[in-house]
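Colleague: Enclosed is the structure file my_file-v1.cif (mmCIF, N, CA and C atoms).
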```cif
data_final
loop_
_atom_site.label_atom_id
_atom_site.label_comp_id
_atom_site.auth_asym_id
_atom_site.auth_seq_id
_atom_site.Cartn_x
_atom_site.Cartn_y
_atom_site.Cartn_z
N MET A 1 -11.87 13.45 4.45
CA MET A 1 -11.08 12.65 3.54
C MET A 1 -11.71 11.27 3.32
N GLN A 2 -12.22 10.66 4.40
CA GLN A 2 -12.82 9.32 4.28
C GLN A 2 -14.02 9.34 3.34
N ASP A 3 -14.79 10.43 3.36
CA ASP A 3 -15.93 10.54 2.45
C ASP A 3 -15.46 10.58 1.01
N ASN A 4 -14.35 11.25 0.77
CA ASN A 4 -13.79 11.33 -0.58
C ASN A 4 -13.30 9.97 -1.05
N ILE A 5 -12.65 9.23 -0.16
CA ILE A 5 -12.19 7.89 -0.51
C ILE A 5 -13.39 6.99 -0.78
N ALA A 6 -14.42 7.10 0.05
CA ALA A 6 -15.64 6.31 -0.15
C ALA A 6 -16.27 6.64 -1.51
N SER A 7 -16.23 7.89 -1.90
CA SER A 7 -16.77 8.30 -3.19
C SER A 7 -15.97 7.68 -4.34
N ILE A 8 -14.66 7.65 -4.19
CA ILE A 8 -13.81 7.02 -5.21
C ILE A 8 -14.12 5.53 -5.29
N LEU A 9 -14.23 4.88 -4.15
CA LEU A 9 -14.51 3.45 -4.13
C LEU A 9 -15.87 3.16 -4.74
N ASP A 10 -16.83 4.03 -4.48
CA ASP A 10 -18.16 3.86 -5.08
C ASP A 10 -18.07 3.93 -6.61
N SER A 11 -17.29 4.87 -7.11
CA SER A 11 -17.09 4.97 -8.56
C SER A 11 -16.43 3.70 -9.11
N LEU A 12 -15.49 3.16 -8.36
CA LEU A 12 -14.81 1.94 -8.79
C LEU A 12 -15.76 0.75 -8.80
N VAL A 13 -16.61 0.65 -7.79
CA VAL A 13 -17.59 -0.45 -7.74
C VAL A 13 -18.52 -0.37 -8.94
N LYS A 14 -18.85 0.84 -9.35
CA LYS A 14 -19.72 1.04 -10.50
C LYS A 14 -18.96 0.93 -11.83
N SER A 15 -17.65 0.68 -11.75
CA SER A 15 -16.76 0.59 -12.92
C SER A 15 -16.73 1.89 -13.72
N ASP A 16 -16.92 3.01 -13.04
CA ASP A 16 -16.79 4.32 -13.68
C ASP A 16 -15.35 4.78 -13.47
N LEU A 17 -14.47 4.27 -14.32
CA LEU A 17 -13.04 4.49 -14.14
C LEU A 17 -12.64 5.93 -14.37
N ASP A 18 -13.26 6.59 -15.34
CA ASP A 18 -12.92 7.99 -15.61
C ASP A 18 -13.26 8.88 -14.41
N GLU A 19 -14.42 8.63 -13.83
CA GLU A 19 -14.83 9.42 -12.66
C GLU A 19 -13.88 9.15 -11.48
N ALA A 20 -13.54 7.88 -11.27
CA ALA A 20 -12.64 7.53 -10.17
C ALA A 20 -11.27 8.19 -10.38
N LYS A 21 -10.80 8.19 -11.60
CA LYS A 21 -9.49 8.81 -11.90
C LYS A 21 -9.54 10.31 -11.62
N ARG A 22 -10.61 10.97 -12.03
CA ARG A 22 -10.75 12.42 -11.78
C ARG A 22 -10.77 12.70 -10.27
N LYS A 23 -11.49 11.88 -9.53
CA LYS A 23 -11.58 12.09 -8.09
C LYS A 23 -10.22 11.88 -7.41
N ILE A 24 -9.49 10.86 -7.85
CA ILE A 24 -8.17 10.60 -7.29
C ILE A 24 -7.25 11.78 -7.57
N GLN A 25 -7.24 12.26 -8.80
CA GLN A 25 -6.38 13.39 -9.16
C GLN A 25 -6.76 14.65 -8.39
N ALA A 26 -8.04 14.86 -8.17
CA ALA A 26 -8.48 16.04 -7.42
C ALA A 26 -8.10 15.93 -5.95
N LEU A 27 -8.05 14.72 -5.43
CA LEU A 27 -7.78 14.51 -4.02
C LEU A 27 -6.28 14.52 -3.69
N LEU A 28 -5.45 14.21 -4.67
CA LEU A 28 -4.00 14.13 -4.44
C LEU A 28 -3.42 15.34 -3.70
N PRO A 29 -3.72 16.56 -4.12
CA PRO A 29 -3.10 17.71 -3.45
C PRO A 29 -3.59 17.94 -2.01
N THR A 30 -4.67 17.28 -1.62
CA THR A 30 -5.22 17.52 -0.29
C THR A 30 -4.75 16.50 0.75
N VAL A 31 -3.98 15.52 0.32
CA VAL A 31 -3.51 14.47 1.24
C VAL A 31 -2.58 15.09 2.27
N ARG A 32 -2.88 14.83 3.55
CA ARG A 32 -2.11 15.44 4.63
C ARG A 32 -1.38 14.42 5.52
N SER A 33 -1.81 13.17 5.48
CA SER A 33 -1.21 12.19 6.38
C SER A 33 -0.80 10.94 5.62
N GLU A 34 0.01 10.12 6.26
CA GLU A 34 0.44 8.87 5.65
C GLU A 34 -0.74 7.91 5.49
N LYS A 35 -1.67 7.93 6.42
CA LYS A 35 -2.85 7.06 6.31
C LYS A 35 -3.67 7.45 5.09
N GLU A 36 -3.85 8.75 4.89
CA GLU A 36 -4.58 9.23 3.71
C GLU A 36 -3.84 8.84 2.43
N ARG A 37 -2.53 8.96 2.46
CA ARG A 37 -1.71 8.60 1.30
C ARG A 37 -1.87 7.11 0.99
N GLY A 38 -1.87 6.27 2.04
CA GLY A 38 -2.07 4.83 1.85
C GLY A 38 -3.43 4.52 1.26
N SER A 39 -4.44 5.20 1.75
CA SER A 39 -5.81 5.00 1.23
C SER A 39 -5.89 5.37 -0.24
N LEU A 40 -5.32 6.49 -0.58
CA LEU A 40 -5.36 6.95 -1.96
C LEU A 40 -4.56 6.02 -2.88
N MET A 41 -3.45 5.52 -2.39
CA MET A 41 -2.64 4.60 -3.19
C MET A 41 -3.38 3.27 -3.42
N ALA A 42 -4.12 2.81 -2.43
CA ALA A 42 -4.91 1.58 -2.61
C ALA A 42 -5.98 1.80 -3.67
N ALA A 43 -6.66 2.93 -3.60
CA ALA A 43 -7.69 3.25 -4.59
C ALA A 43 -7.07 3.36 -5.99
N ALA A 44 -5.92 3.99 -6.07
CA ALA A 44 -5.22 4.11 -7.37
C ALA A 44 -4.79 2.74 -7.89
N GLY A 45 -4.40 1.86 -6.99
CA GLY A 45 -4.01 0.51 -7.40
C GLY A 45 -5.19 -0.28 -7.92
N ILE A 46 -6.33 -0.14 -7.27
CA ILE A 46 -7.54 -0.81 -7.76
C ILE A 46 -7.91 -0.27 -9.13
N LEU A 47 -7.85 1.05 -9.27
CA LEU A 47 -8.14 1.69 -10.56
C LEU A 47 -7.21 1.17 -11.65
N ALA A 48 -5.93 1.10 -11.37
CA ALA A 48 -4.96 0.61 -12.36
C ALA A 48 -5.26 -0.83 -12.76
N SER A 49 -5.59 -1.65 -11.79
CA SER A 49 -5.91 -3.05 -12.08
C SER A 49 -7.17 -3.17 -12.92
N MET A 50 -8.16 -2.34 -12.60
CA MET A 50 -9.40 -2.37 -13.37
C MET A 50 -9.18 -1.86 -14.79
N ALA A 51 -8.35 -0.85 -14.95
CA ALA A 51 -8.08 -0.29 -16.27
C ALA A 51 -7.42 -1.33 -17.17
N LYS A 52 -6.64 -2.21 -16.58
CA LYS A 52 -5.97 -3.27 -17.34
C LYS A 52 -6.89 -4.46 -17.58
N GLY A 53 -7.94 -4.57 -16.78
CA GLY A 53 -8.85 -5.71 -16.87
C GLY A 53 -9.81 -5.59 -18.03
N LYS A 54 -10.51 -6.67 -18.24
CA LYS A 54 -11.50 -6.73 -19.32
C LYS A 54 -12.76 -5.98 -18.90
N ASP A 55 -13.25 -5.11 -19.75
CA ASP A 55 -14.48 -4.36 -19.51
C ASP A 55 -14.43 -3.49 -18.26
N GLY A 56 -13.25 -3.04 -17.86
CA GLY A 56 -13.12 -2.15 -16.72
C GLY A 56 -13.51 -2.77 -15.40
N ALA A 57 -13.27 -4.05 -15.26
CA ALA A 57 -13.61 -4.74 -14.01
C ALA A 57 -12.46 -5.63 -13.58
N LEU A 58 -12.37 -5.83 -12.29
CA LEU A 58 -11.37 -6.76 -11.77
C LEU A 58 -11.84 -8.17 -12.09
N GLN A 59 -10.98 -8.95 -12.67
CA GLN A 59 -11.37 -10.31 -13.04
C GLN A 59 -11.45 -11.22 -11.84
N THR A 60 -10.55 -11.03 -10.89
CA THR A 60 -10.60 -11.86 -9.70
C THR A 60 -10.52 -10.95 -8.48
N TRP A 61 -11.39 -11.21 -7.55
CA TRP A 61 -11.37 -10.47 -6.28
C TRP A 61 -12.07 -11.34 -5.26
N ASP A 62 -11.31 -11.92 -4.40
CA ASP A 62 -11.85 -12.78 -3.36
C ASP A 62 -11.88 -11.97 -2.06
N SER A 63 -13.08 -11.54 -1.68
CA SER A 63 -13.22 -10.67 -0.52
C SER A 63 -12.64 -11.27 0.75
N ALA A 64 -12.83 -12.56 0.93
CA ALA A 64 -12.31 -13.22 2.14
C ALA A 64 -10.78 -13.16 2.17
N LYS A 65 -10.15 -13.39 1.03
CA LYS A 65 -8.68 -13.33 0.97
C LYS A 65 -8.17 -11.91 1.19
N VAL A 66 -8.88 -10.95 0.62
CA VAL A 66 -8.49 -9.55 0.79
C VAL A 66 -8.57 -9.16 2.27
N GLU A 67 -9.63 -9.54 2.92
CA GLU A 67 -9.79 -9.19 4.33
C GLU A 67 -8.75 -9.89 5.20
N ARG A 68 -8.43 -11.14 4.89
CA ARG A 68 -7.37 -11.83 5.64
C ARG A 68 -6.03 -11.15 5.44
N ALA A 69 -5.74 -10.77 4.20
CA ALA A 69 -4.47 -10.09 3.92
C ALA A 69 -4.41 -8.74 4.63
N ALA A 70 -5.51 -8.01 4.63
CA ALA A 70 -5.55 -6.71 5.29
C ALA A 70 -5.35 -6.86 6.80
N LYS A 71 -5.97 -7.86 7.39
CA LYS A 71 -5.78 -8.11 8.82
C LYS A 71 -4.33 -8.48 9.12
N SER A 72 -3.73 -9.23 8.22
CA SER A 72 -2.33 -9.60 8.39
C SER A 72 -1.43 -8.36 8.33
N ILE A 73 -1.74 -7.47 7.43
CA ILE A 73 -0.96 -6.23 7.30
C ILE A 73 -1.09 -5.39 8.57
N THR A 74 -2.31 -5.19 9.02
CA THR A 74 -2.52 -4.30 10.16
C THR A 74 -2.07 -4.91 11.49
N SER A 75 -2.00 -6.22 11.56
CA SER A 75 -1.55 -6.85 12.80
C SER A 75 -0.03 -6.91 12.91
N ASN A 76 0.65 -6.67 11.81
CA ASN A 76 2.11 -6.68 11.80
C ASN A 76 2.63 -5.49 12.60
N GLN A 77 3.55 -5.76 13.49
CA GLN A 77 4.10 -4.68 14.33
C GLN A 77 4.86 -3.65 13.53
N MET A 78 5.29 -4.00 12.35
CA MET A 78 6.04 -3.07 11.50
C MET A 78 5.11 -2.17 10.68
N ALA A 79 3.81 -2.46 10.69
CA ALA A 79 2.87 -1.68 9.89
C ALA A 79 2.80 -0.24 10.40
N ASP A 80 2.80 0.68 9.46
CA ASP A 80 2.69 2.10 9.83
C ASP A 80 1.34 2.64 9.37
N ASP A 81 1.15 3.94 9.50
CA ASP A 81 -0.13 4.56 9.13
C ASP A 81 -0.45 4.36 7.65
N PHE A 82 0.56 4.42 6.80
CA PHE A 82 0.35 4.18 5.37
C PHE A 82 -0.24 2.79 5.15
N ASP A 83 0.34 1.78 5.79
CA ASP A 83 -0.13 0.41 5.65
C ASP A 83 -1.57 0.27 6.14
N HIS A 84 -1.87 0.92 7.27
CA HIS A 84 -3.23 0.86 7.80
C HIS A 84 -4.23 1.51 6.84
N GLY A 85 -3.88 2.65 6.27
CA GLY A 85 -4.76 3.31 5.30
C GLY A 85 -4.98 2.44 4.08
N TYR A 86 -3.90 1.82 3.60
CA TYR A 86 -3.98 0.95 2.43
C TYR A 86 -4.90 -0.23 2.72
N ALA A 87 -4.65 -0.91 3.82
CA ALA A 87 -5.43 -2.10 4.17
C ALA A 87 -6.90 -1.75 4.42
N ASP A 88 -7.15 -0.67 5.13
CA ASP A 88 -8.53 -0.26 5.42
C ASP A 88 -9.30 0.01 4.13
N THR A 89 -8.64 0.62 3.16
CA THR A 89 -9.29 0.94 1.89
C THR A 89 -9.60 -0.32 1.11
N LEU A 90 -8.70 -1.29 1.12
CA LEU A 90 -8.97 -2.56 0.43
C LEU A 90 -10.19 -3.25 1.04
N VAL A 91 -10.27 -3.24 2.35
CA VAL A 91 -11.42 -3.87 3.03
C VAL A 91 -12.70 -3.10 2.70
N SER A 92 -12.64 -1.78 2.70
CA SER A 92 -13.82 -0.98 2.38
C SER A 92 -14.30 -1.27 0.96
N TYR A 93 -13.38 -1.34 0.02
CA TYR A 93 -13.74 -1.64 -1.37
C TYR A 93 -14.35 -3.04 -1.46
N SER A 94 -13.75 -3.97 -0.77
CA SER A 94 -14.23 -5.34 -0.78
C SER A 94 -15.67 -5.42 -0.28
N LYS A 95 -15.95 -4.72 0.80
CA LYS A 95 -17.31 -4.72 1.35
C LYS A 95 -18.30 -4.06 0.40
N LEU A 96 -17.89 -2.98 -0.24
CA LEU A 96 -18.76 -2.32 -1.22
C LEU A 96 -19.07 -3.25 -2.39
N ARG A 97 -18.07 -3.99 -2.84
CA ARG A 97 -18.28 -4.95 -3.94
C ARG A 97 -19.30 -6.01 -3.55
N VAL A 98 -19.14 -6.56 -2.34
CA VAL A 98 -20.06 -7.59 -1.89
C VAL A 98 -21.47 -7.04 -1.79
N ASP A 99 -21.62 -5.85 -1.20
CA ASP A 99 -22.93 -5.22 -1.07
C ASP A 99 -23.55 -4.94 -2.45
N SER A 100 -22.73 -4.49 -3.38
CA SER A 100 -23.20 -4.20 -4.73
C SER A 100 -23.65 -5.47 -5.44
N GLN A 101 -22.91 -6.53 -5.27
CA GLN A 101 -23.28 -7.80 -5.91
C GLN A 101 -24.57 -8.35 -5.31
N ARG A 102 -24.75 -8.20 -4.01
CA ARG A 102 -25.99 -8.65 -3.36
C ARG A 102 -27.18 -7.85 -3.84
N SER A 103 -26.98 -6.54 -4.03
CA SER A 103 -28.06 -5.67 -4.49
C SER A 103 -28.48 -6.03 -5.92
N ALA A 104 -27.52 -6.45 -6.71
CA ALA A 104 -27.79 -6.77 -8.10
C ALA A 104 -28.56 -8.08 -8.27
N GLU A 105 -28.51 -8.90 -7.24
CA GLU A 105 -29.17 -10.22 -7.34
C GLU A 105 -30.64 -10.16 -7.12
#
```
Produce structure tokens that represent the structure in this file.
Modeller:
Amino acid sequence: MQDNIASILDSLVKSDLDEAKRKIQALLPTVRSEKERGSLMAAAGILASMAKGKDGALQTWDSAKVERAAKSITSNQMADDFDHGYADTLVSYSKLRVDSQRSAE
């Protein structure tokens, strides 16, 4: 499942929204856990934000803020597996974006 999420995130980093959407739809029926569901929902949320953005890209994304927010979510005693999957996926996407931007320079 993590490889599939990574593939979706890679498509999102490349701003290939149609491919990311197809992958998300194909993965939906295979979700078995709350953590997987959280991961998929995070990816779908990024996709939705990008689809609304200009040129299929997120206009603002501060990796440091995203990572702080994710750590805050996962450190909360009330956080469940869904929350952990969601937060982990946001951090993974954030890291991919940073790596992609560094490669482009």
Colleague: Mind working out the centre and edge lengths of an axis-aligned box for segment 92-95 of chain A, all listed atoms inside, 5 Å added to each side, rounded to one decimal in Å and written as JSON?
Modeller:
```
{"center_x": -15.5, "center_y": -3.2, "center_z": 0.6, "size_x": 15.7, "size_y": 14.4, "size_z": 14.2}
```
Colleague: List the spatial neighbours of Lys65 of chain A as a ChimeraX atom specification - criterion: any atom at most 12 Å away, only C-alpha atoms, same-chain residues fewer than 6 positions off excluded.
Modeller: /A:71-72,90-91,94
Colleague: Given the choices A:Asp55, A:Asp88, A:Asp62, A:Asp81, which gets closest to Ala43 of chain A if the distance is worked out from only C-alpha atoms?
Modeller: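 Under the stated criterion, the closest residue is A:Asp88.
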Colleague: Just want the 12 Å neighbourhood of Asp99 of chain A, counted on only C-alpha atoms, with same-chain residues fewer than 5 positions away dropped. Output as a ChimeraX atom specification.
Modeller: /A:10,13-14,63,92-94,104-105
Colleague: Using DSSP on the backbone, list every residue of chain A that comes out as helix (DSSP H, G or I), and give them as a CSV table (one decimal) with N, CA and C atoms, in the frame of the given file.
Modeller:
```
chain,number,residue,atom,x,y,z
A,2,GLN,N,-12.2,10.7,4.4
A,2,GLN,CA,-12.8,9.3,4.3
A,2,GLN,C,-14.0,9.3,3.3
A,3,ASP,N,-14.8,10.4,3.4
A,3,ASP,CA,-15.9,10.5,2.4
A,3,ASP,C,-15.5,10.6,1.0
A,4,ASN,N,-14.4,11.2,0.8
A,4,ASN,CA,-13.8,11.3,-0.6
A,4,ASN,C,-13.3,10.0,-1.0
A,5,ILE,N,-12.6,9.2,-0.2
A,5,ILE,CA,-12.2,7.9,-0.5
A,5,ILE,C,-13.4,7.0,-0.8
A,6,ALA,N,-14.4,7.1,0.0
A,6,ALA,CA,-15.6,6.3,-0.2
A,6,ALA,C,-16.3,6.6,-1.5
A,7,SER,N,-16.2,7.9,-1.9
A,7,SER,CA,-16.8,8.3,-3.2
A,7,SER,C,-16.0,7.7,-4.3
A,8,ILE,N,-14.7,7.6,-4.2
A,8,ILE,CA,-13.8,7.0,-5.2
A,8,ILE,C,-14.1,5.5,-5.3
A,9,LEU,N,-14.2,4.9,-4.2
A,9,LEU,CA,-14.5,3.4,-4.1
A,9,LEU,C,-15.9,3.2,-4.7
A,10,ASP,N,-16.8,4.0,-4.5
A,10,ASP,CA,-18.2,3.9,-5.1
A,10,ASP,C,-18.1,3.9,-6.6
A,11,SER,N,-17.3,4.9,-7.1
A,11,SER,CA,-17.1,5.0,-8.6
A,11,SER,C,-16.4,3.7,-9.1
A,12,LEU,N,-15.5,3.2,-8.4
A,12,LEU,CA,-14.8,1.9,-8.8
A,12,LEU,C,-15.8,0.8,-8.8
A,13,VAL,N,-16.6,0.6,-7.8
A,13,VAL,CA,-17.6,-0.4,-7.7
A,13,VAL,C,-18.5,-0.4,-8.9
A,17,LEU,N,-14.5,4.3,-14.3
A,17,LEU,CA,-13.0,4.5,-14.1
A,17,LEU,C,-12.6,5.9,-14.4
A,18,ASP,N,-13.3,6.6,-15.3
A,18,ASP,CA,-12.9,8.0,-15.6
A,18,ASP,C,-13.3,8.9,-14.4
A,19,GLU,N,-14.4,8.6,-13.8
A,19,GLU,CA,-14.8,9.4,-12.7
A,19,GLU,C,-13.9,9.2,-11.5
A,20,ALA,N,-13.5,7.9,-11.3
A,20,ALA,CA,-12.6,7.5,-10.2
A,20,ALA,C,-11.3,8.2,-10.4
A,21,LYS,N,-10.8,8.2,-11.6
A,21,LYS,CA,-9.5,8.8,-11.9
A,21,LYS,C,-9.5,10.3,-11.6
A,22,ARG,N,-10.6,11.0,-12.0
A,22,ARG,CA,-10.8,12.4,-11.8
A,22,ARG,C,-10.8,12.7,-10.3
A,23,LYS,N,-11.5,11.9,-9.5
A,23,LYS,CA,-11.6,12.1,-8.1
A,23,LYS,C,-10.2,11.9,-7.4
A,24,ILE,N,-9.5,10.9,-7.8
A,24,ILE,CA,-8.2,10.6,-7.3
A,24,ILE,C,-7.2,11.8,-7.6
A,25,GLN,N,-7.2,12.3,-8.8
A,25,GLN,CA,-6.4,13.4,-9.2
A,25,GLN,C,-6.8,14.6,-8.4
A,26,ALA,N,-8.0,14.9,-8.2
A,26,ALA,CA,-8.5,16.0,-7.4
A,26,ALA,C,-8.1,15.9,-6.0
A,27,LEU,N,-8.0,14.7,-5.4
A,27,LEU,CA,-7.8,14.5,-4.0
A,27,LEU,C,-6.3,14.5,-3.7
A,28,LEU,N,-5.4,14.2,-4.7
A,28,LEU,CA,-4.0,14.1,-4.4
A,28,LEU,C,-3.4,15.3,-3.7
A,29,PRO,N,-3.7,16.6,-4.1
A,29,PRO,CA,-3.1,17.7,-3.4
A,29,PRO,C,-3.6,17.9,-2.0
A,30,THR,N,-4.7,17.3,-1.6
A,30,THR,CA,-5.2,17.5,-0.3
A,30,THR,C,-4.8,16.5,0.8
A,34,GLU,N,0.0,10.1,6.3
A,34,GLU,CA,0.4,8.9,5.6
A,34,GLU,C,-0.7,7.9,5.5
A,35,LYS,N,-1.7,7.9,6.4
A,35,LYS,CA,-2.8,7.1,6.3
A,35,LYS,C,-3.7,7.4,5.1
A,36,GLU,N,-3.8,8.8,4.9
A,36,GLU,CA,-4.6,9.2,3.7
A,36,GLU,C,-3.8,8.8,2.4
A,37,ARG,N,-2.5,9.0,2.5
A,37,ARG,CA,-1.7,8.6,1.3
A,37,ARG,C,-1.9,7.1,1.0
A,38,GLY,N,-1.9,6.3,2.0
A,38,GLY,CA,-2.1,4.8,1.8
A,38,GLY,C,-3.4,4.5,1.3
A,39,SER,N,-4.4,5.2,1.8
A,39,SER,CA,-5.8,5.0,1.2
A,39,SER,C,-5.9,5.4,-0.2
A,40,LEU,N,-5.3,6.5,-0.6
A,40,LEU,CA,-5.4,7.0,-2.0
A,40,LEU,C,-4.6,6.0,-2.9
A,41,MET,N,-3.4,5.5,-2.4
A,41,MET,CA,-2.6,4.6,-3.2
A,41,MET,C,-3.4,3.3,-3.4
A,42,ALA,N,-4.1,2.8,-2.4
A,42,ALA,CA,-4.9,1.6,-2.6
A,42,ALA,C,-6.0,1.8,-3.7
A,43,ALA,N,-6.7,2.9,-3.6
A,43,ALA,CA,-7.7,3.2,-4.6
A,43,ALA,C,-7.1,3.4,-6.0
A,44,ALA,N,-5.9,4.0,-6.1
A,44,ALA,CA,-5.2,4.1,-7.4
A,44,ALA,C,-4.8,2.7,-7.9
A,45,GLY,N,-4.4,1.9,-7.0
A,45,GLY,CA,-4.0,0.5,-7.4
A,45,GLY,C,-5.2,-0.3,-7.9
A,46,ILE,N,-6.3,-0.1,-7.3
A,46,ILE,CA,-7.5,-0.8,-7.8
A,46,ILE,C,-7.9,-0.3,-9.1
A,47,LEU,N,-7.8,1.0,-9.3
A,47,LEU,CA,-8.1,1.7,-10.6
A,47,LEU,C,-7.2,1.2,-11.6
A,48,ALA,N,-5.9,1.1,-11.4
A,48,ALA,CA,-5.0,0.6,-12.4
A,48,ALA,C,-5.3,-0.8,-12.8
A,49,SER,N,-5.6,-1.6,-11.8
A,49,SER,CA,-5.9,-3.0,-12.1
A,49,SER,C,-7.2,-3.2,-12.9
A,50,MET,N,-8.2,-2.3,-12.6
A,50,MET,CA,-9.4,-2.4,-13.4
A,50,MET,C,-9.2,-1.9,-14.8
A,51,ALA,N,-8.4,-0.8,-15.0
A,51,ALA,CA,-8.1,-0.3,-16.3
A,51,ALA,C,-7.4,-1.3,-17.2
A,52,LYS,N,-6.6,-2.2,-16.6
A,52,LYS,CA,-6.0,-3.3,-17.3
A,52,LYS,C,-6.9,-4.5,-17.6
A,54,LYS,N,-10.5,-6.7,-18.2
A,54,LYS,CA,-11.5,-6.7,-19.3
A,54,LYS,C,-12.8,-6.0,-18.9
A,55,ASP,N,-13.2,-5.1,-19.8
A,55,ASP,CA,-14.5,-4.4,-19.5
A,55,ASP,C,-14.4,-3.5,-18.3
A,56,GLY,N,-13.2,-3.0,-17.9
A,56,GLY,CA,-13.1,-2.2,-16.7
A,56,GLY,C,-13.5,-2.8,-15.4
A,63,SER,N,-13.1,-11.5,-1.7
A,63,SER,CA,-13.2,-10.7,-0.5
A,63,SER,C,-12.6,-11.3,0.8
A,64,ALA,N,-12.8,-12.6,0.9
A,64,ALA,CA,-12.3,-13.2,2.1
A,64,ALA,C,-10.8,-13.2,2.2
A,65,LYS,N,-10.2,-13.4,1.0
A,65,LYS,CA,-8.7,-13.3,1.0
A,65,LYS,C,-8.2,-11.9,1.2
A,66,VAL,N,-8.9,-11.0,0.6
A,66,VAL,CA,-8.5,-9.6,0.8
A,66,VAL,C,-8.6,-9.2,2.3
A,67,GLU,N,-9.6,-9.5,2.9
A,67,GLU,CA,-9.8,-9.2,4.3
A,67,GLU,C,-8.8,-9.9,5.2
A,68,ARG,N,-8.4,-11.1,4.9
A,68,ARG,CA,-7.4,-11.8,5.6
A,68,ARG,C,-6.0,-11.2,5.4
A,69,ALA,N,-5.7,-10.8,4.2
A,69,ALA,CA,-4.5,-10.1,3.9
A,69,ALA,C,-4.4,-8.7,4.6
A,70,ALA,N,-5.5,-8.0,4.6
A,70,ALA,CA,-5.6,-6.7,5.3
A,70,ALA,C,-5.4,-6.9,6.8
A,71,LYS,N,-6.0,-7.9,7.4
A,71,LYS,CA,-5.8,-8.1,8.8
A,71,LYS,C,-4.3,-8.5,9.1
A,72,SER,N,-3.7,-9.2,8.2
A,72,SER,CA,-2.3,-9.6,8.4
A,72,SER,C,-1.4,-8.4,8.3
A,73,ILE,N,-1.7,-7.5,7.4
A,73,ILE,CA,-1.0,-6.2,7.3
A,73,ILE,C,-1.1,-5.4,8.6
A,74,THR,N,-2.3,-5.2,9.0
A,74,THR,CA,-2.5,-4.3,10.2
A,74,THR,C,-2.1,-4.9,11.5
A,75,SER,N,-2.0,-6.2,11.6
A,75,SER,CA,-1.6,-6.8,12.8
A,75,SER,C,0.0,-6.9,12.9
A,81,ASP,N,1.2,3.9,9.5
A,81,ASP,CA,-0.1,4.6,9.1
A,81,ASP,C,-0.4,4.4,7.6
A,82,PHE,N,0.6,4.4,6.8
A,82,PHE,CA,0.4,4.2,5.4
A,82,PHE,C,-0.2,2.8,5.2
A,83,ASP,N,0.3,1.8,5.8
A,83,ASP,CA,-0.1,0.4,5.6
A,83,ASP,C,-1.6,0.3,6.1
A,84,HIS,N,-1.9,0.9,7.3
A,84,HIS,CA,-3.2,0.9,7.8
A,84,HIS,C,-4.2,1.5,6.8
A,85,GLY,N,-3.9,2.6,6.3
A,85,GLY,CA,-4.8,3.3,5.3
A,85,GLY,C,-5.0,2.4,4.1
A,86,TYR,N,-3.9,1.8,3.6
A,86,TYR,CA,-4.0,1.0,2.4
A,86,TYR,C,-4.9,-0.2,2.7
A,87,ALA,N,-4.6,-0.9,3.8
A,87,ALA,CA,-5.4,-2.1,4.2
A,87,ALA,C,-6.9,-1.8,4.4
A,88,ASP,N,-7.2,-0.7,5.1
A,88,ASP,CA,-8.5,-0.3,5.4
A,88,ASP,C,-9.3,0.0,4.1
A,89,THR,N,-8.6,0.6,3.2
A,89,THR,CA,-9.3,0.9,1.9
A,89,THR,C,-9.6,-0.3,1.1
A,90,LEU,N,-8.7,-1.3,1.1
A,90,LEU,CA,-9.0,-2.6,0.4
A,90,LEU,C,-10.2,-3.2,1.0
A,91,VAL,N,-10.3,-3.2,2.4
A,91,VAL,CA,-11.4,-3.9,3.0
A,91,VAL,C,-12.7,-3.1,2.7
A,92,SER,N,-12.6,-1.8,2.7
A,92,SER,CA,-13.8,-1.0,2.4
A,92,SER,C,-14.3,-1.3,1.0
A,93,TYR,N,-13.4,-1.3,0.0
A,93,TYR,CA,-13.7,-1.6,-1.4
A,93,TYR,C,-14.4,-3.0,-1.5
A,94,SER,N,-13.8,-4.0,-0.8
A,94,SER,CA,-14.2,-5.3,-0.8
A,94,SER,C,-15.7,-5.4,-0.3
A,95,LYS,N,-16.0,-4.7,0.8
A,95,LYS,CA,-17.3,-4.7,1.4
A,95,LYS,C,-18.3,-4.1,0.4
A,96,LEU,N,-17.9,-3.0,-0.2
A,96,LEU,CA,-18.8,-2.3,-1.2
A,96,LEU,C,-19.1,-3.2,-2.4
A,97,ARG,N,-18.1,-4.0,-2.8
A,97,ARG,CA,-18.3,-5.0,-3.9
A,97,ARG,C,-19.3,-6.0,-3.6
A,98,VAL,N,-19.1,-6.6,-2.3
A,98,VAL,CA,-20.1,-7.6,-1.9
A,98,VAL,C,-21.5,-7.0,-1.8
A,99,ASP,N,-21.6,-5.8,-1.2
A,99,ASP,CA,-22.9,-5.2,-1.1
A,99,ASP,C,-23.6,-4.9,-2.4
A,100,SER,N,-22.7,-4.5,-3.4
A,100,SER,CA,-23.2,-4.2,-4.7
A,100,SER,C,-23.6,-5.5,-5.4
A,101,GLN,N,-22.9,-6.5,-5.3
A,101,GLN,CA,-23.3,-7.8,-5.9
A,101,GLN,C,-24.6,-8.4,-5.3
A,102,ARG,N,-24.8,-8.2,-4.0
A,102,ARG,CA,-26.0,-8.6,-3.4
A,102,ARG,C,-27.2,-7.8,-3.8
A,103,SER,N,-27.0,-6.5,-4.0
A,103,SER,CA,-28.1,-5.7,-4.5
A,103,SER,C,-28.5,-6.0,-5.9
A,104,ALA,N,-27.5,-6.4,-6.7
A,104,ALA,CA,-27.8,-6.8,-8.1
A,104,ALA,C,-28.6,-8.1,-8.3
```
